[in-house]
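work.pdb, holding PDB, C-alpha atoms and all ligand atoms:
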```pdb
ATOM      1  CA  MET I  15      64.391 107.415  15.801  1.00  0.00           C
ATOM      2  CA  ILE I  16      62.377 106.461  18.864  1.00  0.00           C
ATOM      3  CA  GLU I  17      63.069 105.081  22.300  1.00  0.00           C
ATOM      4  CA  VAL I  18      61.161 101.809  22.564  1.00  0.00           C
ATOM      5  CA  ASN I  19      61.745  98.780  24.749  1.00  0.00           C
ATOM      6  CA  LEU I  20      61.483  95.756  22.478  1.00  0.00           C
ATOM      7  CA  LEU I  21      62.823  93.587  25.296  1.00  0.00           C
ATOM      8  CA  ALA I  22      59.973  94.429  27.660  1.00  0.00           C
ATOM      9  CA  ARG I  23      59.027  90.751  27.839  1.00  0.00           C
ATOM     10  CA  TYR I  24      62.565  89.512  28.531  1.00  0.00           C
ATOM     11  CA  PRO I  25      62.666  87.758  31.941  1.00  0.00           C
ATOM     12  CA  ARG I  26      64.286  89.741  34.735  1.00  0.00           C
ATOM     13  CA  ALA I  27      67.488  88.181  36.047  1.00  0.00           C
ATOM     14  CA  LYS I  28      68.759  88.369  39.586  1.00  0.00           C
ATOM     15  CA  ARG I  29      72.476  89.024  39.574  1.00  0.00           C
ATOM     16  CA  ASP I  30      74.917  88.313  42.361  1.00  0.00           C
ATOM     17  CA  VAL I  31      77.007  91.416  41.824  1.00  0.00           C
ATOM     18  CA  LYS I  32      79.254  90.778  44.836  1.00  0.00           C
ATOM     19  CA  ALA I  33      80.336  87.411  43.431  1.00  0.00           C
ATOM     20  CA  ARG I  34      81.841  89.208  40.427  1.00  0.00           C
ATOM     21  CA  LEU I  35      84.098  91.442  42.484  1.00  0.00           C
ATOM     22  CA  GLY I  36      86.869  88.855  43.001  1.00  0.00           C
ATOM     23  CA  ASN I  37      89.400  88.391  40.155  1.00  0.00           C
ATOM     24  CA  LYS I  38      87.557  91.080  38.211  1.00  0.00           C
ATOM     25  CA  GLU I  39      90.393  92.065  35.882  1.00  0.00           C
ATOM     26  CA  GLU I  40      91.326  88.456  35.127  1.00  0.00           C
ATOM     27  CA  ASN I  41      87.684  87.592  34.434  1.00  0.00           C
ATOM     28  CA  ARG I  42      87.280  90.648  32.209  1.00  0.00           C
ATOM     29  CA  THR I  43      90.283  89.630  30.140  1.00  0.00           C
ATOM     30  CA  ILE I  44      88.847  86.139  29.665  1.00  0.00           C
ATOM     31  CA  ALA I  45      85.292  87.360  28.954  1.00  0.00           C
ATOM     32  CA  MET I  46      86.447  89.843  26.325  1.00  0.00           C
ATOM     33  CA  LYS I  47      87.673  86.975  24.162  1.00  0.00           C
ATOM     34  CA  PHE I  48      84.006  85.897  23.725  1.00  0.00           C
ATOM     35  CA  GLY I  49      85.089  82.271  23.806  1.00  0.00           C
ATOM     36  CA  LYS I  50      83.773  79.188  25.569  1.00  0.00           C
ATOM     37  CA  GLU I  51      84.447  80.667  29.039  1.00  0.00           C
ATOM     38  CA  TYR I  52      82.238  83.692  28.322  1.00  0.00           C
ATOM     39  CA  PHE I  53      79.250  81.710  27.105  1.00  0.00           C
ATOM     40  CA  ASP I  54      79.525  78.367  28.854  1.00  0.00           C
ATOM     41  CA  GLY I  55      81.983  78.944  31.694  1.00  0.00           C
ATOM     42  CA  THR I  56      81.258  80.368  35.139  1.00  0.00           C
ATOM     43  CA  ARG I  57      78.902  83.256  35.987  1.00  0.00           C
ATOM     44  CA  GLU I  58      81.951  85.233  37.097  1.00  0.00           C
ATOM     45  CA  GLN I  59      83.334  85.071  33.545  1.00  0.00           C
ATOM     46  CA  GLY I  60      80.104  85.531  31.613  1.00  0.00           C
ATOM     47  CA  TYR I  61      76.748  83.858  31.125  1.00  0.00           C
ATOM     48  CA  GLY I  62      77.497  80.737  33.182  1.00  0.00           C
ATOM     49  CA  GLY I  63      75.790  78.547  30.537  1.00  0.00           C
ATOM     50  CA  PHE I  64      74.250  80.060  27.400  1.00  0.00           C
ATOM     51  CA  ARG I  65      71.461  77.660  26.429  1.00  0.00           C
ATOM     52  CA  TYR I  66      68.329  78.015  24.355  1.00  0.00           C
ATOM     53  CA  ASP I  67      65.170  78.103  26.479  1.00  0.00           C
ATOM     54  CA  GLY I  68      62.648  79.923  24.290  1.00  0.00           C
ATOM     55  CA  ARG I  69      62.842  83.207  26.210  1.00  0.00           C
ATOM     56  CA  TRP I  70      63.296  85.175  22.964  1.00  0.00           C
ATOM     57  CA  VAL I  71      59.975  84.049  21.465  1.00  0.00           C
ATOM     58  CA  PRO I  72      57.870  86.903  22.938  1.00  0.00           C
ATOM     59  CA  ILE I  73      60.592  89.392  22.023  1.00  0.00           C
ATOM     60  CA  ALA I  74      60.666  88.041  18.476  1.00  0.00           C
ATOM     61  CA  GLU I  75      56.886  88.563  18.299  1.00  0.00           C
ATOM     62  CA  ASP I  76      57.278  92.163  19.439  1.00  0.00           C
ATOM     63  CA  ILE I  77      60.080  92.784  16.909  1.00  0.00           C
ATOM     64  CA  VAL I  78      57.987  91.379  14.038  1.00  0.00           C
ATOM     65  CA  ARG I  79      55.056  93.601  15.062  1.00  0.00           C
ATOM     66  CA  HIS I  80      57.196  96.707  15.608  1.00  0.00           C
ATOM     67  CA  PHE I  81      58.863  96.556  12.172  1.00  0.00           C
ATOM     68  CA  GLY I  82      55.808  95.116  10.367  1.00  0.00           C
ATOM     69  CA  LEU I  83      57.925  92.189   9.160  1.00  0.00           C
ATOM     70  CA  LYS I  84      56.500  89.637   6.766  1.00  0.00           C
ATOM     71  CA  PRO I  85      57.663  86.460   5.009  1.00  0.00           C
ATOM     72  CA  GLY I  86      60.448  87.210   2.535  1.00  0.00           C
ATOM     73  CA  ASP I  87      61.755  90.231   4.452  1.00  0.00           C
ATOM     74  CA  ARG I  88      65.431  90.095   5.401  1.00  0.00           C
ATOM     75  CA  VAL I  89      66.536  90.776   8.977  1.00  0.00           C
ATOM     76  CA  LEU I  90      70.054  90.897  10.432  1.00  0.00           C
ATOM     77  CA  ASP I  91      70.917  90.272  14.090  1.00  0.00           C
ATOM     78  CA  ILE I  92      74.314  91.829  14.854  1.00  0.00           C
ATOM     79  CA  GLY I  93      75.912  90.139  17.869  1.00  0.00           C
ATOM     80  CA  CYS I  94      73.626  87.137  17.414  1.00  0.00           C
ATOM     81  CA  ALA I  95      75.731  84.811  19.623  1.00  0.00           C
ATOM     82  CA  LYS I  96      74.362  81.261  19.168  1.00  0.00           C
ATOM     83  CA  GLY I  97      71.435  82.502  17.085  1.00  0.00           C
ATOM     84  CA  PHE I  98      68.598  82.199  19.611  1.00  0.00           C
ATOM     85  CA  LEU I  99      66.825  85.323  18.340  1.00  0.00           C
ATOM     86  CA  VAL I 100      67.494  84.370  14.701  1.00  0.00           C
ATOM     87  CA  LYS I 101      65.797  81.026  15.354  1.00  0.00           C
ATOM     88  CA  ASP I 102      62.828  82.522  17.204  1.00  0.00           C
ATOM     89  CA  LEU I 103      62.187  85.230  14.615  1.00  0.00           C
ATOM     90  CA  MET I 104      61.893  82.496  11.971  1.00  0.00           C
ATOM     91  CA  LYS I 105      59.679  80.501  14.329  1.00  0.00           C
ATOM     92  CA  VAL I 106      57.190  83.314  14.944  1.00  0.00           C
ATOM     93  CA  CYS I 107      57.225  84.523  11.331  1.00  0.00           C
ATOM     94  CA  PRO I 108      57.772  81.544   9.007  1.00  0.00           C
ATOM     95  CA  GLY I 109      59.344  82.649   5.737  1.00  0.00           C
ATOM     96  CA  LEU I 110      61.214  85.562   7.305  1.00  0.00           C
ATOM     97  CA  GLU I 111      64.834  85.515   6.086  1.00  0.00           C
ATOM     98  CA  VAL I 112      66.893  86.056   9.209  1.00  0.00           C
ATOM     99  CA  PHE I 113      70.682  86.136   9.395  1.00  0.00           C
ATOM    100  CA  GLY I 114      73.158  86.775  12.165  1.00  0.00           C
ATOM    101  CA  ILE I 115      76.713  87.939  12.574  1.00  0.00           C
ATOM    102  CA  ASP I 116      78.919  87.642  15.637  1.00  0.00           C
ATOM    103  CA  VAL I 117      82.589  88.117  16.399  1.00  0.00           C
ATOM    104  CA  SER I 118      82.645  84.885  18.427  1.00  0.00           C
ATOM    105  CA  GLU I 119      83.794  81.832  16.551  1.00  0.00           C
ATOM    106  CA  TYR I 120      82.796  79.736  19.578  1.00  0.00           C
ATOM    107  CA  ALA I 121      79.191  81.026  19.546  1.00  0.00           C
ATOM    108  CA  VAL I 122      78.763  80.617  15.800  1.00  0.00           C
ATOM    109  CA  THR I 123      80.294  77.122  15.841  1.00  0.00           C
ATOM    110  CA  ASN I 124      77.946  76.161  18.667  1.00  0.00           C
ATOM    111  CA  CYS I 125      74.836  77.803  17.218  1.00  0.00           C
ATOM    112  CA  GLU I 126      71.349  76.322  17.195  1.00  0.00           C
ATOM    113  CA  PRO I 127      71.016  73.670  14.451  1.00  0.00           C
ATOM    114  CA  GLU I 128      68.133  75.595  12.838  1.00  0.00           C
ATOM    115  CA  VAL I 129      70.377  78.587  12.079  1.00  0.00           C
ATOM    116  CA  ILE I 130      73.399  76.820  10.593  1.00  0.00           C
ATOM    117  CA  GLY I 131      74.293  78.649   7.377  1.00  0.00           C
ATOM    118  CA  ARG I 132      72.460  81.766   8.589  1.00  0.00           C
ATOM    119  CA  VAL I 133      74.885  82.899  11.274  1.00  0.00           C
ATOM    120  CA  HIS I 134      78.459  83.828  10.475  1.00  0.00           C
ATOM    121  CA  VAL I 135      81.563  85.147  12.149  1.00  0.00           C
ATOM    122  CA  GLY I 136      82.008  88.845  11.474  1.00  0.00           C
ATOM    123  CA  ASN I 137      82.395  92.246  13.044  1.00  0.00           C
ATOM    124  CA  ALA I 138      79.653  94.809  13.670  1.00  0.00           C
ATOM    125  CA  THR I 139      82.034  97.467  12.349  1.00  0.00           C
ATOM    126  CA  HIS I 140      82.215  95.921   8.857  1.00  0.00           C
ATOM    127  CA  LEU I 141      78.953  94.310   7.817  1.00  0.00           C
ATOM    128  CA  PRO I 142      79.581  92.189   4.709  1.00  0.00           C
ATOM    129  CA  PHE I 143      76.337  93.253   3.040  1.00  0.00           C
ATOM    130  CA  PRO I 144      75.351  95.853   0.439  1.00  0.00           C
ATOM    131  CA  ASP I 145      73.565  99.112   1.252  1.00  0.00           C
ATOM    132  CA  HIS I 146      69.811  98.824   1.942  1.00  0.00           C
ATOM    133  CA  SER I 147      69.974  95.027   2.019  1.00  0.00           C
ATOM    134  CA  PHE I 148      67.798  94.432   5.106  1.00  0.00           C
ATOM    135  CA  LYS I 149      64.284  95.354   6.161  1.00  0.00           C
ATOM    136  CA  ALA I 150      65.529  95.622   9.753  1.00  0.00           C
ATOM    137  CA  THR I 151      68.711  95.243  11.787  1.00  0.00           C
ATOM    138  CA  LEU I 152      68.914  94.368  15.468  1.00  0.00           C
ATOM    139  CA  SER I 153      71.856  94.705  17.800  1.00  0.00           C
ATOM    140  CA  ILE I 154      71.164  93.762  21.381  1.00  0.00           C
ATOM    141  CA  ASN I 155      73.776  94.301  24.094  1.00  0.00           C
ATOM    142  CA  THR I 156      76.606  94.198  21.567  1.00  0.00           C
ATOM    143  CA  VAL I 157      77.614  97.668  20.314  1.00  0.00           C
ATOM    144  CA  HIS I 158      78.801  98.792  23.775  1.00  0.00           C
ATOM    145  CA  ASN I 159      81.542  96.138  23.534  1.00  0.00           C
ATOM    146  CA  LEU I 160      83.350  98.411  21.080  1.00  0.00           C
ATOM    147  CA  ASP I 161      85.299 101.547  21.899  1.00  0.00           C
ATOM    148  CA  ARG I 162      83.704 104.885  21.042  1.00  0.00           C
ATOM    149  CA  ALA I 163      85.038 104.953  17.468  1.00  0.00           C
ATOM    150  CA  GLY I 164      83.911 101.347  16.991  1.00  0.00           C
ATOM    151  CA  CYS I 165      80.423 102.162  18.312  1.00  0.00           C
ATOM    152  CA  LEU I 166      80.093 105.020  15.823  1.00  0.00           C
ATOM    153  CA  GLN I 167      81.256 102.765  13.002  1.00  0.00           C
ATOM    154  CA  ALA I 168      78.865  99.922  13.989  1.00  0.00           C
ATOM    155  CA  LEU I 169      75.917 102.337  14.184  1.00  0.00           C
ATOM    156  CA  ARG I 170      76.798 103.757  10.748  1.00  0.00           C
ATOM    157  CA  GLU I 171      76.899 100.213   9.398  1.00  0.00           C
ATOM    158  CA  MET I 172      73.412  99.485  10.782  1.00  0.00           C
ATOM    159  CA  GLU I 173      72.152 102.653   9.129  1.00  0.00           C
ATOM    160  CA  ARG I 174      73.850 101.764   5.846  1.00  0.00           C
ATOM    161  CA  VAL I 175      72.309  98.291   5.456  1.00  0.00           C
ATOM    162  CA  ALA I 176      68.826  99.230   6.759  1.00  0.00           C
ATOM    163  CA  PRO I 177      68.361 103.029   6.856  1.00  0.00           C
ATOM    164  CA  GLY I 178      66.088 104.091   9.737  1.00  0.00           C
ATOM    165  CA  LYS I 179      65.183 100.467  10.463  1.00  0.00           C
ATOM    166  CA  GLY I 180      67.510  99.512  13.285  1.00  0.00           C
ATOM    167  CA  TYR I 181      67.005  98.539  16.872  1.00  0.00           C
ATOM    168  CA  VAL I 182      69.981  98.925  19.166  1.00  0.00           C
ATOM    169  CA  GLN I 183      70.046  98.170  22.865  1.00  0.00           C
ATOM    170  CA  VAL I 184      73.063  99.082  24.989  1.00  0.00           C
ATOM    171  CA  ASP I 185      74.177  99.193  28.625  1.00  0.00           C
ATOM    172  CA  ALA I 186      73.329 102.406  30.456  1.00  0.00           C
ATOM    173  CA  TYR I 187      72.731 103.821  33.926  1.00  0.00           C
ATOM    174  CA  ARG I 188      70.645 106.756  35.100  1.00  0.00           C
ATOM    175  CA  ASN I 189      72.284 107.721  38.386  1.00  0.00           C
ATOM    176  CA  ALA I 190      75.316 107.109  40.601  1.00  0.00           C
ATOM    177  CA  ALA I 191      73.788 104.068  42.329  1.00  0.00           C
ATOM    178  CA  GLU I 192      73.032 102.367  39.014  1.00  0.00           C
ATOM    179  CA  GLU I 193      76.481 103.312  37.729  1.00  0.00           C
ATOM    180  CA  LYS I 194      78.120 101.591  40.712  1.00  0.00           C
ATOM    181  CA  VAL I 195      76.111  98.390  40.237  1.00  0.00           C
ATOM    182  CA  PHE I 196      76.912  98.489  36.537  1.00  0.00           C
ATOM    183  CA  LEU I 197      80.662  98.958  37.077  1.00  0.00           C
ATOM    184  CA  ASP I 198      80.730  96.111  39.603  1.00  0.00           C
ATOM    185  CA  TRP I 199      78.904  93.795  37.199  1.00  0.00           C
ATOM    186  CA  VAL I 200      80.267  94.739  33.774  1.00  0.00           C
ATOM    187  CA  LEU I 201      82.774  92.464  32.061  1.00  0.00           C
ATOM    188  CA  THR I 202      82.947  93.285  28.386  1.00  0.00           C
ATOM    189  CA  ALA I 203      81.510  96.767  27.739  1.00  0.00           C
ATOM    190  CA  LYS I 204      84.023  99.404  26.648  1.00  0.00           C
ATOM    191  CA  THR I 205      81.600 102.265  26.028  1.00  0.00           C
ATOM    192  CA  TYR I 206      78.822 103.158  28.465  1.00  0.00           C
ATOM    193  CA  GLY I 207      77.035 106.079  29.998  1.00  0.00           C
ATOM    194  CA  THR I 208      73.648 107.598  30.630  1.00  0.00           C
ATOM    195  CA  PRO I 209      70.783 107.428  28.125  1.00  0.00           C
ATOM    196  CA  GLU I 210      71.585 111.083  27.265  1.00  0.00           C
ATOM    197  CA  PHE I 211      75.202 110.125  26.494  1.00  0.00           C
ATOM    198  CA  TRP I 212      73.965 107.388  24.158  1.00  0.00           C
ATOM    199  CA  VAL I 213      71.400 109.576  22.390  1.00  0.00           C
ATOM    200  CA  GLU I 214      74.214 112.028  21.559  1.00  0.00           C
ATOM    201  CA  LEU I 215      76.364 109.177  20.233  1.00  0.00           C
ATOM    202  CA  LEU I 216      73.513 107.796  18.116  1.00  0.00           C
ATOM    203  CA  LYS I 217      72.973 111.274  16.659  1.00  0.00           C
ATOM    204  CA  GLN I 218      76.692 111.724  15.992  1.00  0.00           C
ATOM    205  CA  ALA I 219      76.695 108.439  14.065  1.00  0.00           C
ATOM    206  CA  GLY I 220      73.751 109.600  11.967  1.00  0.00           C
ATOM    207  CA  TYR I 221      71.806 106.596  13.260  1.00  0.00           C
ATOM    208  CA  ASN I 222      68.080 106.934  12.593  1.00  0.00           C
ATOM    209  CA  GLY I 223      66.832 103.623  13.998  1.00  0.00           C
ATOM    210  CA  ASP I 224      65.220 102.866  17.336  1.00  0.00           C
ATOM    211  CA  TYR I 225      66.929 102.199  20.633  1.00  0.00           C
ATOM    212  CA  PHE I 226      66.661 101.232  24.275  1.00  0.00           C
ATOM    213  CA  TRP I 227      68.851 100.634  27.308  1.00  0.00           C
ATOM    214  CA  THR I 228      69.873  97.707  29.426  1.00  0.00           C
ATOM    215  CA  ILE I 229      69.876  99.083  32.952  1.00  0.00           C
ATOM    216  CA  LEU I 230      70.851  97.045  35.994  1.00  0.00           C
ATOM    217  CA  GLU I 231      68.497  98.207  38.674  1.00  0.00           C
ATOM    218  CA  VAL I 232      69.718  98.660  42.208  1.00  0.00           C
ATOM    219  CA  ASP I 233      68.627  95.875  44.526  1.00  0.00           C
ATOM    220  CA  PRO I 234      69.223  96.630  48.252  1.00  0.00           C
ATOM    221  CA  ALA I 235      70.656  93.104  48.611  1.00  0.00           C
ATOM    222  CA  TRP I 236      73.439  94.072  46.183  1.00  0.00           C
ATOM    223  CA  THR I 237      74.442  97.227  48.023  1.00  0.00           C
ATOM    224  CA  ILE I 238      78.143  97.284  48.600  1.00  0.00           C
ATOM    225  CA  THR I 239      79.097  99.538  51.455  1.00  0.00           C
ATOM    226  CA  ASN I 240      82.814 100.112  50.976  1.00  0.00           C
TER     227      ASN I 240
HETATM  228  C1  LIG V 301      76.043  90.262  25.711  1.00  0.00           C
HETATM  229  S1  LIG V 301      76.187  89.233  24.295  1.00  0.00           S
HETATM  230  C2  LIG V 301      74.596  89.464  23.572  1.00  0.00           C
HETATM  231  C3  LIG V 301      74.177  88.319  22.705  1.00  0.00           C
HETATM  232  C4  LIG V 301      72.743  88.435  22.183  1.00  0.00           C
HETATM  233  N1  LIG V 301      72.575  89.580  21.308  1.00  0.00           N
HETATM  234  C5  LIG V 301      71.793  88.522  23.343  1.00  0.00           C
HETATM  235  O1  LIG V 301      71.262  89.614  23.598  1.00  0.00           O
HETATM  236  O2  LIG V 301      71.618  87.496  24.024  1.00  0.00           O
HETATM  237  C6  LIG V 301      77.243  90.187  23.248  1.00  0.00           C
HETATM  238  C7  LIG V 301      77.520  89.512  21.942  1.00  0.00           C
HETATM  239  O3  LIG V 301      78.200  90.425  21.101  1.00  0.00           O
HETATM  240  C8  LIG V 301      79.218  89.730  20.409  1.00  0.00           C
HETATM  241  N2  LIG V 301      80.182  90.754  19.956  1.00  0.00           N
HETATM  242  C9  LIG V 301      81.053  91.449  20.710  1.00  0.00           C
HETATM  243  N3  LIG V 301      81.736  92.332  19.957  1.00  0.00           N
HETATM  244  C10 LIG V 301      81.270  92.199  18.689  1.00  0.00           C
HETATM  245  C11 LIG V 301      81.592  92.822  17.452  1.00  0.00           C
HETATM  246  N4  LIG V 301      82.526  93.774  17.370  1.00  0.00           N
HETATM  247  N5  LIG V 301      80.917  92.433  16.349  1.00  0.00           N
HETATM  248  C12 LIG V 301      79.979  91.459  16.427  1.00  0.00           C
HETATM  249  N6  LIG V 301      79.651  90.832  17.561  1.00  0.00           N
HETATM  250  C13 LIG V 301      80.279  91.189  18.682  1.00  0.00           C
HETATM  251  C14 LIG V 301      79.721  88.720  21.426  1.00  0.00           C
HETATM  252  O4  LIG V 301      80.430  87.654  20.870  1.00  0.00           O
HETATM  253  C15 LIG V 301      78.402  88.271  22.065  1.00  0.00           C
HETATM  254  O5  LIG V 301      77.809  87.226  21.366  1.00  0.00           O
END
```

Spit out the file's structure as structure tokens when you get a sec.
Amino acid sequence: MIEVNLLARYPRAKRDVKARLGNKEENRTIAMKFGKEYFDGTREQGYGGFRYDGRWVPIAEDIVRHFGLKPGDRVLDIGCAKGFLVKDLMKVCPGLEVFGIDVSEYAVTNCEPEVIGRVHVGNATHLPFPDHSFKATLSINTVHNLDRAGCLQALREMERVAPGKGYVQVDAYRNAAEEKVFLDWVLTAKTYGTPEFWVELLKQAGYNGDYFWTILEVDPAWTITN
């Protein structure tokens, strides 16, 4: 189990944290349904338009290199949304057998054409696959959407289908300033904490894969004084 940032080449986004402060509870309720509003509604309720733009290609390259993946290997993306990473993994490593699972019927129904039949509606807590059935599993910014018991269950499931060959990335903060920015921005996460909190949880789950954090850094322009 190592800490490694496989999203190092993901573009940095500037977030208007203040804009999310109005109607926060209402927007959270809508976002947590993971429907059209979350993916293709407003930025206050989610992504504000979740469209393929190729940004996952470099990350897919790094994932293939990190796990030593080759044609014929099976990979599962848990929380795959519309299947952007599934598509790009197959693009950068032709012959790789990549599948995805996501709780959102909207995302799966509106997936990229190249991944139809490879992405399915399902829950991270109950992967419909036998033990040891994947060479690697990925779960990016998804597991934290479950409560603590759900997180433990999802991590155990990753370990079950690909022992020691997971990559999980979750929301975290390292200090009070980052925690405040995170709490102002967050819509869907139910479980969050410091990297140390997460390492304990990963250990408790018996998870032996790799991991990293999504941390919203503090930008002075976002500072909220009250
Ligand atoms: C922040 S998005 C991340 C999507 C994609 N992995 C990415 O990084 O762009 C979180 C995704 O997790 C999915 N999700 C939330 N809870 C889930 C669960 N219990 N099982 C599977 N997917 C879930 C949502 O529908 C959504 O697609």

Report as a PyMOL selection string all protein, DNA and RNA residues lying within 6 Å of I:Asn19, evaluated on all atoms listed in the file, omitting residues in the same chain fewer than 2 positions from it. chain I and resi 21-22+226

Record the distance separating atom CA of I:Phe196 and atom CA of I:Thr228, expressed in Å with one decimal.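 These two atoms are separated by 10.0 Å.
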
I need the residue set behind the PyMOL selection byres (((chain I and resi 203-205) around 7) and not hetatm) for this file; please write it as a PDB file with C-alpha atoms, keeping the file's coordinate frame.
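Output file out05.pdb is given in full below:
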```
ATOM      1  CA  HIS I 158      78.801  98.792  23.775  1.00  0.00           C
ATOM      2  CA  ASN I 159      81.542  96.138  23.534  1.00  0.00           C
ATOM      3  CA  LEU I 160      83.350  98.411  21.080  1.00  0.00           C
ATOM      4  CA  ASP I 161      85.299 101.547  21.899  1.00  0.00           C
ATOM      5  CA  ARG I 162      83.704 104.885  21.042  1.00  0.00           C
ATOM      6  CA  VAL I 200      80.267  94.739  33.774  1.00  0.00           C
ATOM      7  CA  LEU I 201      82.774  92.464  32.061  1.00  0.00           C
ATOM      8  CA  THR I 202      82.947  93.285  28.386  1.00  0.00           C
ATOM      9  CA  TYR I 206      78.822 103.158  28.465  1.00  0.00           C
TER      10      TYR I 206
END
```

So which residues are near ligand LIG 301 (chain V), meaning at most 7 Å away with all atoms listed in the file counted, given back as a ChimeraX atom specification? /I:48,92-95,115-118,121,136-139,153-157,159-160

Computed gap from atom CA of I:Cys165 to atom CA of I:Arg29 is 26.2 Å

The PyMOL selection byres (((chain I and resi 185) around 6) and not hetatm) applied to the shown file, residues as a PyMOL selection string: chain I and resi 184+186+227-228

Run the PyMOL selection byres (((chain I and resi 72) around 9) and not hetatm) mentally over the shown coordinates, then write out the matched residues as number ranges by chain, using the chain letters and numbers from the document. I: 21, 23-24, 68-71, 73-77, 102, 106

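Note that the spacing between atom CA of I:Glu17 and atom CA of I:Gly114 amounts to 23.2 Å.
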
When distances are computed from all atoms listed in the file, which of I:Met104, I:Leu169, I:Val195, I:Ala219 shows the smallest separation from I:Leu35?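 Closest to I:Leu35, using all atoms listed in the file: I:Val195.
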
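The residue that comes closest to I:Phe53, out of I:Tyr187, I:Tyr221, I:Trp199, I:Tyr120 and on the basis of only C-alpha atoms, is I:Tyr120.
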
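Here the question is which of I:Thr43, I:Ser147, I:Gln218, I:Asn124 gets nearest to I:Tyr66 using all atoms listed in the file, and that residue is I:Asn124.
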
Give me the residues near I:Pro127 as a PyMOL selection string, where near means some atom within 12 Å (using all atoms listed in the file) and where sequence neighbours in that chain fewer than 5 positions away do not count. chain I and resi 66+96-98+100-101+122+132-133

Counting only C-alpha atoms, which residues come within 12 Å of (73.8, 107.2, 36.4), with the point read in the file's coordinates, and could you list them as a VMD selection string? chain I and resid 185 to 197 206 to 211 229 to 232

Mind dumping the selected residues with C-alpha atoms as a PDB file, in the coordinates of the input?
```pdb
ATOM      1  CA  ASP I 185      74.177  99.193  28.625  1.00  0.00           C
ATOM      2  CA  ALA I 186      73.329 102.406  30.456  1.00  0.00           C
ATOM      3  CA  TYR I 187      72.731 103.821  33.926  1.00  0.00           C
ATOM      4  CA  ARG I 188      70.645 106.756  35.100  1.00  0.00           C
ATOM      5  CA  ASN I 189      72.284 107.721  38.386  1.00  0.00           C
ATOM      6  CA  ALA I 190      75.316 107.109  40.601  1.00  0.00           C
ATOM      7  CA  ALA I 191      73.788 104.068  42.329  1.00  0.00           C
ATOM      8  CA  GLU I 192      73.032 102.367  39.014  1.00  0.00           C
ATOM      9  CA  GLU I 193      76.481 103.312  37.729  1.00  0.00           C
ATOM     10  CA  LYS I 194      78.120 101.591  40.712  1.00  0.00           C
ATOM     11  CA  VAL I 195      76.111  98.390  40.237  1.00  0.00           C
ATOM     12  CA  PHE I 196      76.912  98.489  36.537  1.00  0.00           C
ATOM     13  CA  LEU I 197      80.662  98.958  37.077  1.00  0.00           C
ATOM     14  CA  TYR I 206      78.822 103.158  28.465  1.00  0.00           C
ATOM     15  CA  GLY I 207      77.035 106.079  29.998  1.00  0.00           C
ATOM     16  CA  THR I 208      73.648 107.598  30.630  1.00  0.00           C
ATOM     17  CA  PRO I 209      70.783 107.428  28.125  1.00  0.00           C
ATOM     18  CA  GLU I 210      71.585 111.083  27.265  1.00  0.00           C
ATOM     19  CA  PHE I 211      75.202 110.125  26.494  1.00  0.00           C
ATOM     20  CA  ILE I 229      69.876  99.083  32.952  1.00  0.00           C
ATOM     21  CA  LEU I 230      70.851  97.045  35.994  1.00  0.00           C
ATOM     22  CA  GLU I 231      68.497  98.207  38.674  1.00  0.00           C
ATOM     23  CA  VAL I 232      69.718  98.660  42.208  1.00  0.00           C
TER      24      VAL I 232
END
```

Find the residue from I:His140, I:Arg79, I:Arg174, I:Lys50 that sits nearest to I:Gly223; use all atoms listed in the file when measuring.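 Checking each of I:His140, I:Arg79, I:Arg174, I:Lys50 against I:Gly223, counting all atoms listed in the file, the winner is I:Arg174.
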
For the interface of stretch 47-88 of chain I with stretch 108-112 of chain I (cut-off 6 Å, counting only C-alpha atoms), please tabulate each contacting residue of stretch 47-88 of chain I alongside its nearest pair of atoms and their separation in Å to one decimal, rows sorted by chain and increasing number, as a tab-separated table.
```
residue	atom	partner	partner_atom	distance
I:Pro85	CA	I:Gly109	CA	4.2
I:Gly86	CA	I:Leu110	CA	5.1
I:Asp87	CA	I:Leu110	CA	5.5
I:Arg88	CA	I:Glu111	CA	4.7
```
